[in-house]
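Enquirer: Sharing model21.tsv, TSV, C-alpha atoms:
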```tsv
chain	number	residue	atom	x	y	z
A	1	MET	CA	48.41	142.60	86.35
A	2	THR	CA	50.32	143.75	83.26
A	3	GLN	CA	48.19	145.29	80.52
A	4	PHE	CA	48.65	144.50	76.83
A	5	GLU	CA	51.70	146.34	75.47
A	6	THR	CA	52.15	148.05	72.14
A	7	THR	CA	55.38	147.36	70.28
A	8	ASP	CA	56.73	150.80	71.23
A	9	GLN	CA	55.97	150.18	74.89
A	10	LEU	CA	57.65	146.79	74.66
A	11	ILE	CA	60.79	148.36	73.15
A	12	ALA	CA	60.85	150.97	75.93
A	13	ARG	CA	60.50	148.27	78.60
A	14	LEU	CA	63.17	146.02	77.08
A	15	ALA	CA	65.60	148.92	76.65
A	16	ALA	CA	65.03	150.06	80.23
A	17	THR	CA	66.02	146.61	81.52
A	18	ALA	CA	69.01	146.12	79.19
A	19	GLU	CA	72.03	145.41	81.37
A	20	PRO	CA	75.51	144.81	79.89
A	21	VAL	CA	75.87	141.19	78.75
A	22	GLN	CA	78.90	138.95	78.44
A	23	ARG	CA	79.20	137.70	74.88
A	24	LEU	CA	79.48	133.96	74.40
A	25	ARG	CA	82.89	132.76	73.29
A	26	PRO	CA	83.17	131.23	69.78
A	27	PRO	CA	81.43	127.82	69.61
A	28	LEU	CA	84.59	126.00	68.51
A	29	LEU	CA	86.49	127.31	71.54
A	30	ARG	CA	83.66	126.37	73.92
A	31	ALA	CA	83.44	122.88	72.38
A	32	CYS	CA	87.20	122.39	72.69
A	33	LEU	CA	87.22	123.54	76.32
A	34	TRP	CA	84.47	121.03	77.18
A	35	LEU	CA	86.26	118.23	75.32
A	36	LEU	CA	89.56	119.08	77.04
A	37	ALA	CA	87.90	119.07	80.47
A	38	ILE	CA	86.31	115.68	79.76
A	39	ALA	CA	89.63	114.36	78.38
A	40	ALA	CA	91.51	115.49	81.51
A	41	ILE	CA	89.01	113.87	83.91
A	42	SER	CA	88.79	110.71	81.80
A	43	THR	CA	92.58	110.36	81.62
A	44	VAL	CA	92.74	110.23	85.41
A	45	GLY	CA	90.00	107.58	85.47
A	46	ILE	CA	91.64	105.52	82.74
A	47	LEU	CA	95.08	105.61	84.39
A	48	ALA	CA	93.55	104.63	87.72
A	49	PHE	CA	91.10	101.91	86.68
A	50	ALA	CA	91.68	100.65	83.10
A	51	ASP	CA	93.86	97.67	82.18
A	52	LEU	CA	96.13	99.43	79.70
A	53	HIS	CA	98.06	96.24	78.81
A	54	VAL	CA	94.89	94.61	77.52
A	55	PHE	CA	93.94	97.81	75.72
A	56	ALA	CA	97.41	98.03	74.08
A	57	ARG	CA	97.05	94.45	72.84
A	58	ARG	CA	93.56	95.08	71.46
A	59	ILE	CA	94.44	98.36	69.79
A	60	ALA	CA	97.06	96.56	67.68
A	61	ASP	CA	94.11	95.30	65.61
A	62	PRO	CA	93.62	97.95	62.88
A	63	LYS	CA	89.87	97.23	62.71
A	64	LEU	CA	89.46	98.11	66.36
A	65	LEU	CA	91.58	101.18	65.80
A	66	VAL	CA	89.19	102.28	63.04
A	67	GLU	CA	86.20	101.66	65.33
A	68	ILE	CA	87.72	103.69	68.17
A	69	ALA	CA	88.76	106.50	65.82
A	70	GLY	CA	85.21	106.59	64.38
A	71	THR	CA	83.69	106.77	67.88
A	72	LEU	CA	86.05	109.55	68.98
A	73	ALA	CA	85.56	111.55	65.77
A	74	THR	CA	81.77	111.21	66.17
A	75	GLY	CA	82.02	112.57	69.71
A	76	ILE	CA	84.24	115.50	68.70
A	77	THR	CA	82.26	116.55	65.61
A	78	ALA	CA	78.91	116.14	67.37
A	79	THR	CA	80.14	118.34	70.24
A	80	ILE	CA	81.30	121.07	67.85
A	81	ALA	CA	78.01	120.73	65.95
A	82	ALA	CA	75.95	121.08	69.15
A	83	PHE	CA	77.73	124.31	70.15
A	84	ASN	CA	77.30	125.74	66.64
A	85	LEU	CA	73.64	124.72	66.40
A	86	SER	CA	72.89	126.46	69.69
A	87	LEU	CA	73.49	129.83	67.97
A	88	PRO	CA	70.82	131.29	65.67
A	89	ASP	CA	73.06	132.31	62.75
A	90	ARG	CA	74.89	129.00	62.27
A	91	SER	CA	73.95	126.58	59.53
A	92	ARG	CA	71.62	123.65	60.24
A	93	ALA	CA	74.03	121.61	58.08
A	94	TRP	CA	76.16	121.23	61.22
A	95	LEU	CA	73.77	118.43	62.13
A	96	LEU	CA	75.19	116.40	59.23
A	97	ALA	CA	78.84	116.85	60.27
A	98	PRO	CA	79.06	113.82	62.61
A	99	LEU	CA	77.22	111.46	60.24
A	100	PRO	CA	80.24	110.15	58.21
A	101	PHE	CA	82.06	109.32	61.45
A	102	LEU	CA	78.91	107.79	62.93
A	103	ALA	CA	78.68	105.58	59.84
A	104	LEU	CA	82.33	104.58	60.33
A	105	TRP	CA	81.71	103.79	64.00
A	106	ILE	CA	78.56	101.75	63.39
A	107	GLY	CA	80.01	100.10	60.26
A	108	SER	CA	83.25	99.01	61.97
A	109	SER	CA	81.34	97.81	65.06
A	110	GLY	CA	78.99	95.88	62.79
A	111	TYR	CA	81.93	94.27	61.03
A	112	ALA	CA	83.42	93.26	64.40
A	113	CYS	CA	80.07	91.66	65.29
A	114	TYR	CA	80.09	89.77	62.03
A	115	ARG	CA	83.60	88.40	62.78
A	116	GLU	CA	82.48	87.45	66.27
A	117	TRP	CA	79.46	85.65	64.87
A	118	LEU	CA	81.70	83.70	62.44
A	119	ARG	CA	83.96	82.66	65.33
A	120	PHE	CA	81.37	81.72	67.90
A	121	GLY	CA	78.19	81.17	65.90
A	122	PRO	CA	74.96	81.35	67.91
A	123	GLU	CA	76.95	81.39	71.18
A	124	GLY	CA	78.01	84.93	70.31
A	125	TRP	CA	74.35	85.93	70.86
A	126	THR	CA	74.56	85.95	74.63
A	127	PHE	CA	74.27	88.83	77.03
A	128	GLY	CA	77.56	88.22	78.91
A	129	GLU	CA	79.16	91.59	79.63
A	130	SER	CA	76.80	93.51	77.35
A	131	THR	CA	74.60	94.77	80.18
A	132	HIS	CA	77.71	96.23	81.84
A	133	CYS	CA	78.49	98.10	78.60
A	134	PHE	CA	74.92	99.40	78.47
A	135	LEU	CA	75.07	100.59	82.07
A	136	PHE	CA	78.54	102.06	81.48
A	137	ILE	CA	77.32	104.20	78.57
A	138	ILE	CA	74.19	105.30	80.43
A	139	GLY	CA	76.14	105.93	83.65
A	140	PHE	CA	78.88	107.97	81.99
A	141	SER	CA	76.38	109.85	79.87
A	142	ILE	CA	74.70	111.34	82.92
A	143	PRO	CA	77.63	113.52	84.14
A	144	LEU	CA	78.76	114.18	80.56
A	145	GLY	CA	75.23	115.13	79.50
A	146	LEU	CA	74.59	117.36	82.50
A	147	SER	CA	77.82	119.31	81.98
A	148	LEU	CA	77.16	119.71	78.25
A	149	TRP	CA	73.51	120.68	78.86
A	150	TRP	CA	74.62	123.32	81.38
A	151	LEU	CA	76.99	124.86	78.82
A	152	LEU	CA	74.59	124.68	75.86
A	153	ARG	CA	71.69	126.25	77.76
A	154	ARG	CA	73.70	129.48	78.11
A	155	ALA	CA	72.97	130.12	74.41
A	156	ARG	CA	69.18	129.68	75.01
A	157	PRO	CA	68.84	128.04	71.55
A	158	ILE	CA	65.84	129.13	69.49
A	159	SER	CA	65.62	125.59	68.01
A	160	PRO	CA	66.55	123.27	70.89
A	161	ILE	CA	65.82	119.92	69.22
A	162	PRO	CA	68.77	119.89	66.72
A	163	VAL	CA	71.02	121.00	69.60
A	164	ALA	CA	69.71	118.15	71.74
A	165	LEU	CA	70.20	115.64	68.91
A	166	ALA	CA	73.82	116.66	68.32
A	167	GLY	CA	74.50	116.98	72.06
A	168	GLY	CA	72.97	113.57	72.79
A	169	LEU	CA	75.06	111.97	70.07
A	170	ALA	CA	78.19	113.72	71.37
A	171	VAL	CA	77.63	112.46	74.90
A	172	ALA	CA	76.82	108.91	73.81
A	173	ALA	CA	79.84	108.74	71.48
A	174	CYS	CA	82.21	110.06	74.17
A	175	ALA	CA	80.85	107.49	76.64
A	176	ALA	CA	81.21	104.70	74.04
A	177	PHE	CA	84.80	105.82	73.35
A	178	LEU	CA	85.66	105.65	77.07
A	179	LEU	CA	84.02	102.22	77.23
A	180	GLN	CA	86.76	100.88	74.93
A	181	PHE	CA	89.32	101.28	77.72
A	182	PHE	CA	87.27	99.12	80.07
A	183	HIS	CA	85.99	96.58	77.53
A	184	PRO	CA	88.57	93.74	77.37
A	185	PHE	CA	86.94	91.80	74.50
A	186	ASP	CA	85.68	92.28	70.96
A	187	ILE	CA	82.19	93.57	70.46
A	188	THR	CA	79.33	91.09	69.96
A	189	ALA	CA	76.03	91.65	68.19
A	190	ILE	CA	74.31	91.98	71.56
A	191	ASP	CA	76.97	94.51	72.64
A	192	LEU	CA	76.34	96.56	69.53
A	193	ALA	CA	72.56	96.36	69.91
A	194	LEU	CA	72.75	97.46	73.54
A	195	GLN	CA	75.29	100.18	72.77
A	196	LEU	CA	73.02	101.54	70.04
A	197	THR	CA	70.07	101.34	72.44
A	198	ALA	CA	72.09	103.29	75.01
A	199	VAL	CA	73.00	105.89	72.37
A	200	GLY	CA	69.31	106.14	71.42
A	201	VAL	CA	68.27	106.50	75.06
A	202	VAL	CA	70.81	109.30	75.62
A	203	ILE	CA	69.70	111.17	72.47
A	204	ALA	CA	66.01	110.69	73.38
A	205	VAL	CA	66.60	112.05	76.90
A	206	GLY	CA	68.40	115.03	75.33
A	207	CYS	CA	65.39	115.72	73.09
A	208	VAL	CA	62.82	115.31	75.86
A	209	ARG	CA	64.82	117.67	78.07
A	210	PRO	CA	66.46	119.99	75.53
A	211	PRO	CA	68.53	123.03	76.50
A	212	VAL	CA	66.26	125.87	77.62
A	213	ARG	CA	64.53	127.60	74.74
A	214	ALA	CA	64.88	131.38	74.23
B	1	MET	CA	68.43	151.32	41.97
B	2	ASN	CA	70.97	148.91	40.52
B	3	PRO	CA	72.04	145.75	42.39
B	4	THR	CA	75.42	147.18	43.43
B	5	GLN	CA	73.79	150.21	45.08
B	6	SER	CA	71.29	147.98	46.85
B	7	ASP	CA	74.06	145.68	48.13
B	8	GLN	CA	75.98	148.69	49.37
B	9	GLN	CA	72.92	150.01	51.18
B	10	GLU	CA	72.34	146.65	52.85
B	11	ALA	CA	76.00	146.48	53.87
B	12	ASN	CA	75.80	149.98	55.37
B	13	ARG	CA	72.60	149.09	57.20
B	14	ASP	CA	74.18	145.91	58.57
B	15	GLN	CA	77.21	147.86	59.73
B	16	ALA	CA	75.00	150.42	61.50
B	17	TRP	CA	72.96	147.69	63.23
B	18	THR	CA	76.14	145.85	64.25
B	19	GLY	CA	77.46	149.06	65.81
B	20	LEU	CA	74.22	149.60	67.73
B	21	MET	CA	74.16	145.97	68.89
B	22	LEU	CA	77.74	146.22	70.14
B	23	ARG	CA	76.78	149.24	72.22
B	24	ALA	CA	73.61	147.49	73.39
B	25	GLN	CA	75.65	144.48	74.52
B	26	SER	CA	77.74	146.79	76.68
B	27	GLY	CA	74.60	148.20	78.31
B	28	ASP	CA	73.87	151.34	76.22
B	29	GLN	CA	70.08	151.49	76.60
B	30	ARG	CA	69.61	154.34	74.11
B	31	ALA	CA	71.48	152.45	71.37
B	32	TYR	CA	69.45	149.35	72.19
B	33	ALA	CA	66.12	151.20	71.91
B	34	GLN	CA	67.24	152.72	68.60
B	35	LEU	CA	68.31	149.30	67.28
B	36	LEU	CA	64.99	147.69	68.22
B	37	SER	CA	63.09	150.54	66.56
B	38	ASP	CA	65.29	150.55	63.43
B	39	ILE	CA	64.85	146.85	62.76
B	40	LEU	CA	61.02	146.96	62.95
B	41	PRO	CA	60.39	147.50	59.18
B	42	PHE	CA	62.84	144.69	58.33
B	43	VAL	CA	61.20	142.30	60.83
B	44	ARG	CA	57.68	143.21	59.69
B	45	GLY	CA	58.69	142.69	56.05
B	46	LEU	CA	60.07	139.23	56.76
B	47	ALA	CA	57.02	138.29	58.84
B	48	ARG	CA	54.68	139.40	56.03
B	49	ARG	CA	56.60	137.21	53.60
B	50	GLN	CA	55.73	134.26	55.84
B	51	ARG	CA	52.07	135.04	55.01
B	52	HIS	CA	51.05	136.12	58.50
B	53	SER	CA	47.96	138.32	58.81
B	54	PRO	CA	48.56	141.97	59.91
B	55	ASP	CA	47.75	141.33	63.60
B	56	GLN	CA	49.84	138.16	63.56
B	57	VAL	CA	52.72	140.13	62.06
B	58	GLU	CA	52.76	142.27	65.19
B	59	ASP	CA	52.74	139.10	67.35
B	60	VAL	CA	55.80	137.86	65.46
B	61	VAL	CA	57.49	141.27	65.81
B	62	GLN	CA	56.98	141.35	69.57
B	63	ASP	CA	58.07	137.74	69.92
B	64	VAL	CA	61.22	138.54	67.94
B	65	LEU	CA	62.00	141.58	70.12
B	66	VAL	CA	61.67	139.54	73.31
B	67	THR	CA	63.84	136.78	71.81
B	68	ILE	CA	66.54	139.28	70.80
B	69	HIS	CA	66.49	140.61	74.36
B	70	ARG	CA	67.03	137.15	75.79
B	71	ILE	CA	69.77	136.01	73.45
B	72	ARG	CA	71.57	139.25	72.66
B	73	HIS	CA	74.69	137.80	74.31
B	74	THR	CA	74.91	135.19	71.50
B	75	TYR	CA	75.50	137.77	68.75
B	76	ASP	CA	79.09	137.75	67.51
B	77	PRO	CA	79.99	141.22	66.07
B	78	SER	CA	82.39	139.64	63.56
B	79	ARG	CA	79.38	138.11	61.76
B	80	PRO	CA	76.52	139.82	59.85
B	81	PHE	CA	73.81	141.09	62.20
B	82	THR	CA	71.11	140.86	59.51
B	83	ARG	CA	71.57	137.11	59.13
B	84	TRP	CA	71.41	136.60	62.90
B	85	LEU	CA	68.20	138.66	63.03
B	86	ALA	CA	66.63	137.03	59.95
B	87	THR	CA	67.07	133.55	61.45
B	88	ILE	CA	65.33	134.63	64.65
B	89	VAL	CA	62.42	136.12	62.67
B	90	GLN	CA	62.12	132.99	60.55
B	91	ARG	CA	62.13	130.66	63.58
B	92	ARG	CA	59.65	132.73	65.57
B	93	GLY	CA	57.35	133.05	62.55
B	94	ILE	CA	57.37	129.28	62.08
B	95	ASP	CA	56.71	128.78	65.81
B	96	LEU	CA	53.63	131.01	65.57
B	97	LEU	CA	52.33	129.19	62.48
B	98	ARG	CA	52.78	125.84	64.24
B	99	LYS	CA	50.96	127.15	67.29
B	100	GLN	CA	48.03	128.26	65.11
B	101	ILE	CA	47.89	124.87	63.40
B	102	ARG	CA	47.91	123.11	66.78
B	103	GLN	CA	45.13	125.36	68.11
B	104	GLY	CA	43.15	124.97	64.88
B	105	ARG	CA	43.11	121.20	65.35
B	106	HIS	CA	41.43	121.51	68.75
B	107	GLU	CA	39.08	124.45	68.25
B	108	ILE	CA	35.82	124.43	66.26
B	109	TRP	CA	33.74	127.58	65.75
B	110	ASP	CA	30.07	126.85	65.45
B	111	GLU	CA	27.95	129.88	66.35
B	112	GLU	CA	24.63	128.05	66.03
B	113	ALA	CA	25.67	125.40	68.51
B	114	TYR	CA	25.21	127.95	71.30
B	115	GLU	CA	21.73	129.05	70.24
B	116	THR	CA	19.03	127.06	71.98
B	117	PHE	CA	16.23	129.62	72.32
B	118	ALA	CA	14.20	131.56	69.77
B	119	ASP	CA	15.81	134.79	70.93
B	120	PRO	CA	19.59	134.32	70.61
B	121	ARG	CA	20.28	137.24	72.96
B	122	ALA	CA	18.56	135.46	75.85
B	123	THR	CA	20.65	132.37	75.31
B	124	ARG	CA	23.88	134.30	75.02
B	125	GLU	CA	23.24	136.41	78.09
B	126	GLN	CA	22.22	133.42	80.19
B	127	GLU	CA	25.07	131.23	79.00
B	128	ALA	CA	27.58	134.04	79.33
B	129	TYR	CA	26.46	134.59	82.92
B	130	GLU	CA	26.64	130.88	83.77
B	131	THR	CA	29.95	130.39	82.00
B	132	ALA	CA	31.51	133.42	83.65
B	133	ALA	CA	30.30	132.33	87.09
B	134	GLY	CA	31.52	128.79	86.54
B	135	LEU	CA	34.82	129.95	85.18
B	136	ASN	CA	35.31	132.31	88.13
B	137	LEU	CA	34.74	129.44	90.54
B	138	ALA	CA	37.08	127.19	88.57
B	139	MET	CA	39.75	129.90	88.45
B	140	MET	CA	39.56	130.21	92.25
B	141	ALA	CA	40.66	126.59	92.48
B	142	LEU	CA	43.92	127.35	90.64
B	143	SER	CA	47.15	128.34	92.32
B	144	LYS	CA	48.34	131.95	92.03
B	145	GLY	CA	50.96	131.01	89.41
B	146	GLN	CA	48.44	129.02	87.36
B	147	ARG	CA	45.92	131.91	87.46
B	148	GLU	CA	48.57	134.36	86.31
B	149	ALA	CA	49.65	132.05	83.45
B	150	ILE	CA	46.03	131.62	82.24
B	151	GLU	CA	45.35	135.34	82.48
B	152	LEU	CA	48.45	136.28	80.50
B	153	VAL	CA	48.25	133.67	77.74
B	154	LYS	CA	44.56	132.76	77.42
B	155	ILE	CA	42.82	136.00	78.44
B	156	GLN	CA	45.29	138.73	77.46
B	157	GLU	CA	46.43	136.53	74.54
B	158	LEU	CA	50.11	137.32	75.02
B	159	SER	CA	52.51	135.01	73.22
B	160	LEU	CA	54.32	132.48	75.40
B	161	ALA	CA	57.56	134.45	75.10
B	162	GLU	CA	55.88	137.68	76.18
B	163	ALA	CA	54.06	135.97	79.02
B	164	ALA	CA	57.35	134.38	80.11
B	165	ALA	CA	59.00	137.81	80.12
B	166	VAL	CA	56.15	139.28	82.18
B	167	SER	CA	55.90	136.43	84.69
B	168	GLY	CA	59.63	135.82	84.97
B	169	LYS	CA	59.18	132.12	84.22
B	170	SER	CA	60.80	130.18	81.40
B	171	VAL	CA	58.65	129.37	78.36
B	172	THR	CA	58.88	125.66	79.21
B	173	ALA	CA	57.76	126.22	82.80
B	174	LEU	CA	54.93	128.42	81.55
B	175	LYS	CA	53.76	125.75	79.10
B	176	VAL	CA	53.66	123.15	81.87
B	177	THR	CA	51.79	125.54	84.21
B	178	ILE	CA	49.20	126.34	81.52
B	179	HIS	CA	48.77	122.68	80.64
B	180	ARG	CA	48.08	121.78	84.29
B	181	ALA	CA	45.85	124.80	84.82
B	182	VAL	CA	43.73	124.01	81.75
B	183	LYS	CA	43.42	120.39	82.90
B	184	LEU	CA	42.22	121.54	86.33
B	185	LEU	CA	39.78	124.05	84.80
B	186	ARG	CA	38.39	121.37	82.53
B	187	GLU	CA	37.89	119.01	85.48
B	188	HIS	CA	36.07	121.70	87.48
B	189	LEU	CA	33.85	122.75	84.58
B	190	VAL	CA	32.97	119.14	83.71
B	191	LYS	CA	31.98	118.47	87.35
B	192	ARG	CA	29.50	121.36	87.20
```
Translate the structure described by the file into structure tokens.
Expert:
Amino acid sequence: MTQFETTDQLIARLAATAEPVQRLRPPLLRACLWLLAIAAISTVGILAFADLHVFARRIADPKLLVEIAGTLATGITATIAAFNLSLPDRSRAWLLAPLPFLALWIGSSGYACYREWLRFGPEGWTFGESTHCFLFIIGFSIPLGLSLWWLLRRARPISPIPVALAGGLAVAACAAFLLQFFHPFDITAIDLALQLTAVGVVIAVGCVRPPVRA
Amino acid sequence: MNPTQSDQQEANRDQAWTGLMLRAQSGDQRAYAQLLSDILPFVRGLARRQRHSPDQVEDVVQDVLVTIHRIRHTYDPSRPFTRWLATIVQRRGIDLLRKQIRQGRHEIWDEEAYETFADPRATREQEAYETAAGLNLAMMALSKGQREAIELVKIQELSLAEAAAVSGKSVTALKVTIHRAVKLLREHLVKR
């Protein structure tokens, strides 16, 4: 059994076991590499399975364009924030970086719901395809989340919860962005509620199982 | 000393520590030992400012040293070393304060509660004997890993980070092991 160590003994032990280490690459570069890898894999999936004609018709609506841009920007900024927050000497203010884009995403989705409600009235409050959207976000978040978690844990963050929050938001936003290519109709209130629930579930899972602490 | 001189001294110190850390990252054990020794007064000073008691200051210092060891690959030499170090000290100090608050909520010290006989020594000796015997039996029921975790954290009073370094487990795994072990101990002691 190991006896209690004095600080000097601890220093001697740590120094004796100090092997060369490979420095982590800059967080922006690591975030971009992850985003590029996800973009490459997603492009193959979109070209193979998405109905691009329908998507091209829908994207002509500037409001949808704003919504998609907000979702994508949330995913990108949250990813960069997560990689920065995983390092000890980066500002906690990175956690705020995705918020304007998140507001744009939620605000534009909310507006789309409002338009849908005006068109269909109470009939717009049906489940319809919403459960598919929910399962899509959850399903896509699993591989995205695992790959991001694997990369973030290399930094062994000393405060894992902010990293998990930003990482969870990044994963959920990326999954919601991809959903747009497979979602051939405007968003309903139920869609939005379930999408937000899915985003919340992904963030909560990230916080319950944060990247390994140092 | 005027502010400019002080700033210059801090800049020189940061440069020296950055140089040592660079060498430590490439496996220079002597530079690493020197760095860890050189930063001690700075770390102790910061820990004292967080209003830790003297023995707690040393807990924070050791926790910080173990943390530096684990995350030394995250230091980017193009950025100030002192800021990187100060954040680690601050976080580890806060972690220790939180741990104390959590423990304080569950632990009550009432010396008289243990005294049931006229002669307190008789009570203490008898109860100590019974408690030790009961605890020994309960400890036997634990797995090897659980016993080691309890011995390191609860008996030797190592911090979680130190105990993790000694046992080779992650802090999270260690927390789970201790939680389960304490639950089992409690069940065994209640049964008696």
Enquirer: Find the nearest atom pair between each residue of chain A and chain B for residues within 7 Å, count all atoms listed in the file, give distances in Å to one decimal, sort rows by chain and ascending number, and present the table as JSON lines.
Expert:
```
{"residue": "A:Phe4", "atom": "CA", "partner": "B:Gln156", "partner_atom": "CA", "distance": 6.7}
{"residue": "A:Thr7", "atom": "CA", "partner": "B:Gln62", "partner_atom": "CA", "distance": 6.3}
{"residue": "A:Ile11", "atom": "CA", "partner": "B:Ala33", "partner_atom": "CA", "distance": 6.2}
{"residue": "A:Ala12", "atom": "CA", "partner": "B:Ala33", "partner_atom": "CA", "distance": 6.6}
{"residue": "A:Leu14", "atom": "CA", "partner": "B:His69", "partner_atom": "CA", "distance": 6.9}
{"residue": "A:Ala15", "atom": "CA", "partner": "B:Gln29", "partner_atom": "CA", "distance": 5.2}
{"residue": "A:Ala16", "atom": "CA", "partner": "B:Gln29", "partner_atom": "CA", "distance": 6.4}
{"residue": "A:Ala18", "atom": "CA", "partner": "B:Gly27", "partner_atom": "CA", "distance": 6.0}
{"residue": "A:Glu19", "atom": "CA", "partner": "B:Gly27", "partner_atom": "CA", "distance": 4.9}
{"residue": "A:Pro20", "atom": "CA", "partner": "B:Gly27", "partner_atom": "CA", "distance": 3.8}
{"residue": "A:Val21", "atom": "CA", "partner": "B:Gln25", "partner_atom": "CA", "distance": 5.4}
{"residue": "A:Gln22", "atom": "CA", "partner": "B:His73", "partner_atom": "CA", "distance": 6.0}
{"residue": "A:Arg23", "atom": "CA", "partner": "B:His73", "partner_atom": "CA", "distance": 4.5}
{"residue": "A:Leu24", "atom": "CA", "partner": "B:Thr74", "partner_atom": "CA", "distance": 5.6}
{"residue": "A:Leu87", "atom": "CA", "partner": "B:Thr74", "partner_atom": "CA", "distance": 6.6}
{"residue": "A:Pro88", "atom": "CA", "partner": "B:Trp84", "partner_atom": "CA", "distance": 6.0}
{"residue": "A:Asp89", "atom": "CA", "partner": "B:Trp84", "partner_atom": "CA", "distance": 4.6}
{"residue": "A:Ala155", "atom": "CA", "partner": "B:Thr74", "partner_atom": "CA", "distance": 6.2}
{"residue": "A:Arg156", "atom": "CA", "partner": "B:Ile71", "partner_atom": "CA", "distance": 6.5}
{"residue": "A:Ala214", "atom": "CA", "partner": "B:Thr67", "partner_atom": "CA", "distance": 6.0}
```
Enquirer: Fewer than 3 positions away in the same chain doesn't count, so skip those; otherwise give me all residues within 9 Å of B:Thr177, counting all atoms listed in the file, as a list in words.
Expert: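 Returned residues: Gly145, Gln146, Ala149, Ile150, Thr172, Ala173, Leu174, Arg180, Ala181 and Val182 of chain B.
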Enquirer: Would you compute the distance between atom CA of A:His53 and atom CA of A:Gly107? Give it in Å to one decimal.
Expert: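 Going from atom CA of A:His53 over to atom CA of A:Gly107 covers 26.2 Å.
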Enquirer: With distances taken over only C-alpha atoms, which of B:Thr131, B:Ser78, B:Arg44, B:Leu185 is nearest to A:Pro26?
Expert: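 Selected residue with least distance to A:Pro26: B:Ser78.
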Enquirer: Take every atom of stretch 130-149 of chain A listed in the file, pad by 4 Å on each side, and give me the axis-aligned box centre and edge lengths in Å, one decimal, as AutoDock Vina command-line options.
Expert:
```
--center_x 76.2 --center_y 107.1 --center_z 80.7 --size_x 13.4 --size_y 35.2 --size_z 14.8
```
Enquirer: Which is closest to A:Glu67 among A:Ala204, A:Ala103, A:Pro27, A:Ile142, if we use all atoms listed in the file?
Expert: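 That would be A:Ala103, the residue with the smallest distance to A:Glu67.
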Enquirer: Determine the nearest neighbour of B:Val64 from the options A:Ala172, A:Leu179, A:Ile158, A:Leu146, counting all atoms listed in the file.
Expert: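 Between A:Ala172, A:Leu179, A:Ile158, A:Leu146, the residue approaching B:Val64 most closely is A:Ile158.
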Enquirer: Rounded to one decimal place, report the atom CA of A:Ala97-atom CA of A:Ala31 distance in Å.
Expert: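 So the answer is 14.3 Å.
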Enquirer: Would you list the contacts of stretch 136-139 of chain B as a PDB file with C-alpha atoms, in the coordinates of the input, taking every protein, DNA or RNA residue within 8 Å and counting all atoms listed in the file, but skipping same-chain residues closer than 5 positions in sequence?
Expert:
```pdb
ATOM      1  CA  ARG B 147      45.920 131.910  87.460  1.00  0.00           C
ATOM      2  CA  LEU B 184      42.220 121.540  86.330  1.00  0.00           C
ATOM      3  CA  LEU B 185      39.780 124.050  84.800  1.00  0.00           C
ATOM      4  CA  HIS B 188      36.070 121.700  87.480  1.00  0.00           C
ATOM      5  CA  LEU B 189      33.850 122.750  84.580  1.00  0.00           C
TER       6      LEU B 189
END
```
Enquirer: By how many Å are atom CA of A:Arg13 and atom CA of B:Ile94 apart?
Expert: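 Atom CA of B:Ile94 lies 25.4 Å from atom CA of A:Arg13.
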Enquirer: Excluding stretch 147-153 of chain A and any residue of its chain fewer than 2 positions from it, enumerate the residues within 10 Å of it, using all atoms listed in the file, and give them as an mmCIF file with C-alpha atoms, in the coordinates of the input.
Expert:
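In the end it all went to part-v5.cif:
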```cif
data_model
loop_
_atom_site.group_PDB
_atom_site.id
_atom_site.type_symbol
_atom_site.label_atom_id
_atom_site.label_comp_id
_atom_site.auth_asym_id
_atom_site.auth_seq_id
_atom_site.Cartn_x
_atom_site.Cartn_y
_atom_site.Cartn_z
ATOM 1 C CA PRO A 27 81.430 127.820 69.610
ATOM 2 C CA ARG A 30 83.660 126.370 73.920
ATOM 3 C CA ALA A 31 83.440 122.880 72.380
ATOM 4 C CA TRP A 34 84.470 121.030 77.180
ATOM 5 C CA LEU A 35 86.260 118.230 75.320
ATOM 6 C CA ILE A 38 86.310 115.680 79.760
ATOM 7 C CA THR A 79 80.140 118.340 70.240
ATOM 8 C CA ALA A 82 75.950 121.080 69.150
ATOM 9 C CA PHE A 83 77.730 124.310 70.150
ATOM 10 C CA ASN A 84 77.300 125.740 66.640
ATOM 11 C CA LEU A 85 73.640 124.720 66.400
ATOM 12 C CA SER A 86 72.890 126.460 69.690
ATOM 13 C CA LEU A 87 73.490 129.830 67.970
ATOM 14 C CA SER A 141 76.380 109.850 79.870
ATOM 15 C CA ILE A 142 74.700 111.340 82.920
ATOM 16 C CA PRO A 143 77.630 113.520 84.140
ATOM 17 C CA LEU A 144 78.760 114.180 80.560
ATOM 18 C CA GLY A 145 75.230 115.130 79.500
ATOM 19 C CA ALA A 155 72.970 130.120 74.410
ATOM 20 C CA ARG A 156 69.180 129.680 75.010
ATOM 21 C CA PRO A 157 68.840 128.040 71.550
ATOM 22 C CA PRO A 160 66.550 123.270 70.890
ATOM 23 C CA VAL A 163 71.020 121.000 69.600
ATOM 24 C CA ALA A 164 69.710 118.150 71.740
ATOM 25 C CA GLY A 167 74.500 116.980 72.060
ATOM 26 C CA GLY A 168 72.970 113.570 72.790
ATOM 27 C CA ALA A 170 78.190 113.720 71.370
ATOM 28 C CA VAL A 171 77.630 112.460 74.900
ATOM 29 C CA GLY A 206 68.400 115.030 75.330
ATOM 30 C CA ARG A 209 64.820 117.670 78.070
ATOM 31 C CA PRO A 210 66.460 119.990 75.530
ATOM 32 C CA PRO A 211 68.530 123.030 76.500
ATOM 33 C CA VAL A 212 66.260 125.870 77.620
ATOM 34 C CA ARG A 213 64.530 127.600 74.740
ATOM 35 C CA ALA A 214 64.880 131.380 74.230
#
```
